[in-house]
Every structure is written in structure tokens, then in C-alpha cells.
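One structure is given below, encoded as C-alpha cells.
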Amino acid sequence: MRIDLIIVRQKILHMKYRFGTESDLDLLAEWNYQLIRDEGHRNSMSIQQLQERMRGWLESEYKAVIFITGSGPVAYALYREDNREIYLRQLFVKREHRSQGIGREVVGILWKQIWSTDKRLTVEVLTANDPAVLFWRSVGYTDYCLTLEKMPKEIGEQYNYC
Ligand SMILES: CC(C)(COP(=O)(O)OP(=O)(O)OC[C@H]1O[C@@H](n2cnc3c(N)ncnc32)[C@H](O)[C@@H]1OP(=O)(O)O)[C@@H](O)C(=O)NCCC(=O)NCCS
């Protein structure tokens with residue numbers, strides 16, 4: 001009798017997480033800096049400026065979650081929550097750890113262990129950031145809003161919103 005073996009590829013990540021605090025600001029600012037470059041955003045803030053902005057966010061309405069595997073911290077998510085909605089402002093997986101299922105695992109942990117299940121979940125993605133657009137669709141988010149713009153000649157700091 002012939003036995004067919006079906007081998008299912010399963011990634012076991014043993015991911016842990018913790019909420020970011022002031023002691024994580026150096027790491028979060030460095031990762032935010034890399035995220036801006038990776039997604040092709042026009043934000044020109046320095047790491048120092050990003051750190052101060054992150055400090056303000058964590059002291060007010062945002063929460064950061066840092067995800068850790070056996071390799072150490074590999075990703076972070078930054079979000080804010082109100083009565084009806086959870087807005088994910090930033091998601092970043094370290095460059096050398098991408099395309100290994102970490103982003104998908106992170107979203108699964110946010111959904112199952114951290115976030116309320118009865119709220120609208122939103123995220124904004126730059127239209128030119130194809131990997132992220134494909135990522136969000138693959139984990140179940142659907143297209144809703146497209147922002148259009150016509151820029152003035154001078155592009156100032158007021159557009160540094162990511
Ligand atoms: C977007 C990002 C978070 C994805 O994280 P990741 O760990 O690489 O993603 P995963 O390995 O979990 O991929 C999950 C699915 O997303 C899709 N995907 C991820 N990266 C992709 C890429 N480069 N090209 C096409 N599809 C991609 C695939 O469908 C993939 O499923 P598969 O592995 O079964 O093919 C990561 O690439 C990143 O940090 N990018 C830079 C920062 C950024 O753009 N953040 C998002 C801002 S909104």
C-alpha cells in the first residue's frame with residue numbers, strides 16, 4: 001500500500017511580546033527611522049526627533065508593542081484605540097527577518113491576545129509601498145479609502161505625519 005506523505009510547512013516562531021516603555025525609546029526611534037525609509041515616506045525627521053515624537057505618543061494616546069523571538073526583538077507595532085476603532089499607525093519587522101511569517105504572527109497576536117475583537121481595525125499604507133499593501137490584504141484587511149493630494153511648491157514639516 002502506498003502512503004503519500006503531505007508535508008505542511010509550519011513556522012514555529014515562539015513569539016513573545018511586551019509593551020514598550022521609555023527604556024525602549026532608542027530602539028523604537030531607530031526602527032521608526034528605518035520604517036520611514038523602507039516604506040518610502042517623505043518624512044525627514046532625524047532619529048532624535050523621532051524619539052521625542054515617540055515619547056510624546058507613548059505618554060499620550062499610543063501604545064507600542066515589541067515582539068521578541070529567540071533572535072531578540074524583531075518587530076514592533078504602534079497603535080491607538082478608542083471606543084469604536086483601533087488604528088495601527090506603525091508596523092515594522094526587522095529587515096533580515098522579513099518574509100518569514102513574523103508580520104503575520106504579529107497581527108495574529110494583536111488580534112487574539114491584545115486587541116478587542118469588536119472594533120473596527122484600520123491602517124494607512126502608502127500606495128507605492130507594494131509589499132505592505134499585499135501584506136495587509138493577505139492578513140484580511142480590505143481597501144477602503146484612497147488619499148489624493150496636490151502638493152504646494154514648498155514641502156514643509158507639516159507633512160511629516162507618518
Ligand atoms: C510589511 C511587513 C510588516 C511585512 O512583514 P513580514 O514579516 O515580512 O510579512 P510575512 O512574512 O508575515 O508575510 C505575510 C504575507 O504578506 C505578504 N507579503 C509580505 N511581504 C511581501 C512582499 N515583499 N511581497 C509580496 N507579498 C508580501 C505575503 O502574502 C505573505 O504571505 P506568504 O508568506 O504566505 O507569501 C514588513 O515587510 C515591513 O516591516 N516592511 C517595512 C515597513 C512597512 O512598510 N510597514 C508597513 C507600514 S503600513
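Following the order of the C-alpha cells, first chain is A, next is B, and so on, with residues numbered from 1 inside each chain and ligands from 1 in the order they appear.
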Collect all residues with atoms no farther than 6 Å from ligand 1, counting only C-alpha atoms and all ligand atoms, and output them as a ChimeraX atom specification. /A:35,38-39,90-93,98-104,124-125,131-132,134-135,138
Can you write just those residues out, N, CA and C atoms, as a tab-separated table (two decimals), in the first residue's frame?
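Once everything was written out, this is again_12.tsv:
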chain	number	residue	atom	x	y	z
A	35	LEU	N	11.79	52.26	9.21
A	35	LEU	CA	10.45	52.06	8.63
A	35	LEU	C	10.14	53.15	7.60
A	38	ASP	N	12.04	52.41	4.50
A	38	ASP	CA	11.57	51.20	3.82
A	38	ASP	C	10.23	51.41	3.13
A	39	GLU	N	9.37	52.21	3.72
A	39	GLU	CA	8.06	52.41	3.10
A	39	GLU	C	8.08	53.55	2.08
A	90	GLN	N	1.93	52.20	13.01
A	90	GLN	CA	3.20	51.69	12.51
A	90	GLN	C	3.32	50.19	12.76
A	91	LEU	N	3.85	49.50	11.76
A	91	LEU	CA	4.23	48.09	11.93
A	91	LEU	C	5.56	47.91	11.22
A	92	PHE	N	6.50	47.33	11.92
A	92	PHE	CA	7.84	47.17	11.37
A	92	PHE	C	8.42	45.83	11.78
A	93	VAL	N	8.92	45.10	10.78
A	93	VAL	CA	9.67	43.86	11.03
A	93	VAL	C	11.11	44.13	10.60
A	98	ARG	N	12.32	39.57	7.55
A	98	ARG	CA	11.09	39.66	6.75
A	98	ARG	C	10.86	38.41	5.91
A	99	SER	N	9.62	38.28	5.47
A	99	SER	CA	9.20	37.15	4.62
A	99	SER	C	9.43	35.81	5.30
A	100	GLN	N	9.31	35.80	6.62
A	100	GLN	CA	9.42	34.56	7.39
A	100	GLN	C	8.15	34.31	8.21
A	101	GLY	N	7.12	35.09	7.95
A	101	GLY	CA	5.86	34.90	8.67
A	101	GLY	C	5.75	35.70	9.96
A	102	ILE	N	6.74	36.55	10.25
A	102	ILE	CA	6.70	37.29	11.51
A	102	ILE	C	5.59	38.33	11.50
A	103	GLY	N	5.44	39.07	10.41
A	103	GLY	CA	4.38	40.07	10.33
A	103	GLY	C	3.01	39.44	10.54
A	104	ARG	N	2.79	38.32	9.90
A	104	ARG	CA	1.50	37.62	10.04
A	104	ARG	C	1.28	37.19	11.49
A	124	GLU	N	-3.14	52.73	7.58
A	124	GLU	CA	-2.94	53.52	6.36
A	124	GLU	C	-1.62	53.09	5.73
A	125	VAL	N	-1.63	52.93	4.43
A	125	VAL	CA	-0.44	52.46	3.71
A	125	VAL	C	-0.18	53.38	2.54
A	131	PRO	N	4.84	45.96	-1.01
A	131	PRO	CA	4.89	44.82	-0.08
A	131	PRO	C	3.90	44.97	1.08
A	132	ALA	N	3.77	46.20	1.59
A	132	ALA	CA	2.86	46.41	2.72
A	132	ALA	C	1.40	46.28	2.28
A	134	LEU	N	0.26	44.44	-0.10
A	134	LEU	CA	-0.01	43.00	-0.27
A	134	LEU	C	-0.07	42.30	1.08
A	135	PHE	N	0.79	42.73	2.00
A	135	PHE	CA	0.78	42.14	3.34
A	135	PHE	C	-0.58	42.35	4.01
A	138	SER	N	-3.28	40.37	2.59
A	138	SER	CA	-3.13	38.92	2.84
A	138	SER	C	-3.55	38.54	4.26
Return as a ChimeraX atom specification the full set of residues in chain A whose backbone-based DSSP assignment is strand (DSSP E or B). /A:16-19,62-69,72-81,85-93,120-123
Convert the current residue selection to file output with C-alpha atoms, as a PDB file, in the first residue's frame.
ATOM      1  CA  LYS A  16       6.639  36.739  22.872  1.00  0.00           C
ATOM      2  CA  TYR A  17       5.686  40.364  23.331  1.00  0.00           C
ATOM      3  CA  ARG A  18       5.824  43.209  25.792  1.00  0.00           C
ATOM      4  CA  PHE A  19       4.574  46.786  25.829  1.00  0.00           C
ATOM      5  CA  TYR A  62      -0.453  55.423  21.691  1.00  0.00           C
ATOM      6  CA  LYS A  63       0.824  52.038  22.797  1.00  0.00           C
ATOM      7  CA  ALA A  64       3.854  50.268  21.371  1.00  0.00           C
ATOM      8  CA  VAL A  65       4.224  46.505  21.415  1.00  0.00           C
ATOM      9  CA  ILE A  66       7.620  44.901  20.901  1.00  0.00           C
ATOM     10  CA  PHE A  67       7.725  41.348  19.590  1.00  0.00           C
ATOM     11  CA  ILE A  68      10.533  39.008  20.536  1.00  0.00           C
ATOM     12  CA  THR A  69      11.724  35.656  19.195  1.00  0.00           C
ATOM     13  CA  GLY A  72      15.711  39.000  20.280  1.00  0.00           C
ATOM     14  CA  PRO A  73      13.370  41.898  19.415  1.00  0.00           C
ATOM     15  CA  VAL A  74      12.305  41.512  15.777  1.00  0.00           C
ATOM     16  CA  ALA A  75       9.279  43.765  15.281  1.00  0.00           C
ATOM     17  CA  TYR A  76       7.081  46.465  16.764  1.00  0.00           C
ATOM     18  CA  ALA A  77       3.558  47.765  16.348  1.00  0.00           C
ATOM     19  CA  LEU A  78       2.264  51.187  17.389  1.00  0.00           C
ATOM     20  CA  TYR A  79      -1.460  51.752  17.765  1.00  0.00           C
ATOM     21  CA  ARG A  80      -4.148  53.825  19.417  1.00  0.00           C
ATOM     22  CA  GLU A  81      -7.576  52.690  20.496  1.00  0.00           C
ATOM     23  CA  GLU A  85     -11.717  51.727  16.484  1.00  0.00           C
ATOM     24  CA  ILE A  86      -8.119  50.557  16.687  1.00  0.00           C
ATOM     25  CA  TYR A  87      -5.802  52.470  14.398  1.00  0.00           C
ATOM     26  CA  LEU A  88      -2.447  50.836  13.693  1.00  0.00           C
ATOM     27  CA  ARG A  89      -0.027  53.637  12.942  1.00  0.00           C
ATOM     28  CA  GLN A  90       3.202  51.691  12.506  1.00  0.00           C
ATOM     29  CA  LEU A  91       4.232  48.088  11.930  1.00  0.00           C
ATOM     30  CA  PHE A  92       7.844  47.174  11.367  1.00  0.00           C
ATOM     31  CA  VAL A  93       9.665  43.862  11.029  1.00  0.00           C
ATOM     32  CA  ARG A 120     -13.055  48.401  13.513  1.00  0.00           C
ATOM     33  CA  LEU A 121      -9.371  47.927  12.675  1.00  0.00           C
ATOM     34  CA  THR A 122      -7.664  50.424  10.395  1.00  0.00           C
ATOM     35  CA  VAL A 123      -4.230  51.021   8.935  1.00  0.00           C
TER      36      VAL A 123
END
Expressed in Å, the length from atom CA of Met54 of chain A to atom CA of Gln34 of chain A is 14.2 Å
Among listed residues A:Leu58, A:Leu110, A:Thr127, A:Asp143, nearest His41 of chain A (using only C-alpha atoms): A:Thr127
Quick one: pick out all alpha helix (DSSP H) residues within chain A from a backbone DSSP run and write them as a ChimeraX atom specification. /A:25-39,47-59,102-109,130-138
Store the residues picked out above in a file with C-alpha atoms, as a CSV table (one decimal), in the first residue's frame.
chain,number,residue,atom,x,y,z
A,25,LEU,CA,12.7,54.8,23.0
A,26,ASP,CA,16.2,54.3,21.5
A,27,LEU,CA,15.1,51.1,19.8
A,28,LEU,CA,11.7,52.4,18.7
A,29,ALA,CA,13.2,55.6,17.2
A,30,GLU,CA,15.8,53.7,15.2
A,31,TRP,CA,13.2,51.3,13.9
A,32,ASN,CA,10.8,54.1,13.1
A,33,TYR,CA,13.7,55.7,11.1
A,34,GLN,CA,14.2,52.5,9.1
A,35,LEU,CA,10.4,52.1,8.6
A,36,ILE,CA,10.2,55.5,7.1
A,37,ARG,CA,12.9,54.7,4.6
A,38,ASP,CA,11.6,51.2,3.8
A,39,GLU,CA,8.1,52.4,3.1
A,47,ILE,CA,16.3,59.7,14.9
A,48,GLN,CA,16.4,62.2,17.8
A,49,GLN,CA,13.3,64.0,16.5
A,50,LEU,CA,11.5,60.6,16.0
A,51,GLN,CA,12.5,59.6,19.6
A,52,GLU,CA,10.9,62.8,21.0
A,53,ARG,CA,7.8,62.3,18.9
A,54,MET,CA,7.6,58.6,20.1
A,55,ARG,CA,8.0,59.7,23.7
A,56,GLY,CA,5.0,62.1,23.3
A,57,TRP,CA,2.9,59.4,21.7
A,58,LEU,CA,3.7,56.8,24.4
A,59,GLU,CA,2.9,59.4,27.1
A,102,ILE,CA,6.7,37.3,11.5
A,103,GLY,CA,4.4,40.1,10.3
A,104,ARG,CA,1.5,37.6,10.0
A,105,GLU,CA,2.3,36.2,13.5
A,106,VAL,CA,2.4,39.8,15.0
A,107,VAL,CA,-1.0,40.6,13.6
A,108,GLY,CA,-2.4,37.3,14.9
A,109,ILE,CA,-1.1,38.2,18.4
A,130,ASP,CA,3.6,47.4,-2.6
A,131,PRO,CA,4.9,44.8,-0.1
A,132,ALA,CA,2.9,46.4,2.7
A,133,VAL,CA,-0.3,46.7,0.6
A,134,LEU,CA,0.0,43.0,-0.3
A,135,PHE,CA,0.8,42.1,3.3
A,136,TRP,CA,-2.3,43.9,4.8
A,137,ARG,CA,-4.6,42.4,2.2
A,138,SER,CA,-3.1,38.9,2.8
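The space separating atom CA of Asp82 of chain A from atom CA of Ser44 of chain A comes to 29.0 Å.
One finds atom CA of Asn129 of chain A at 7.0 Å from atom CA of Gly40 of chain A.
Nearest to Thr117 of chain A of all the residues A:Pro152, A:Arg84, A:Ser60, A:His14 is A:Arg84, counting only C-alpha atoms.
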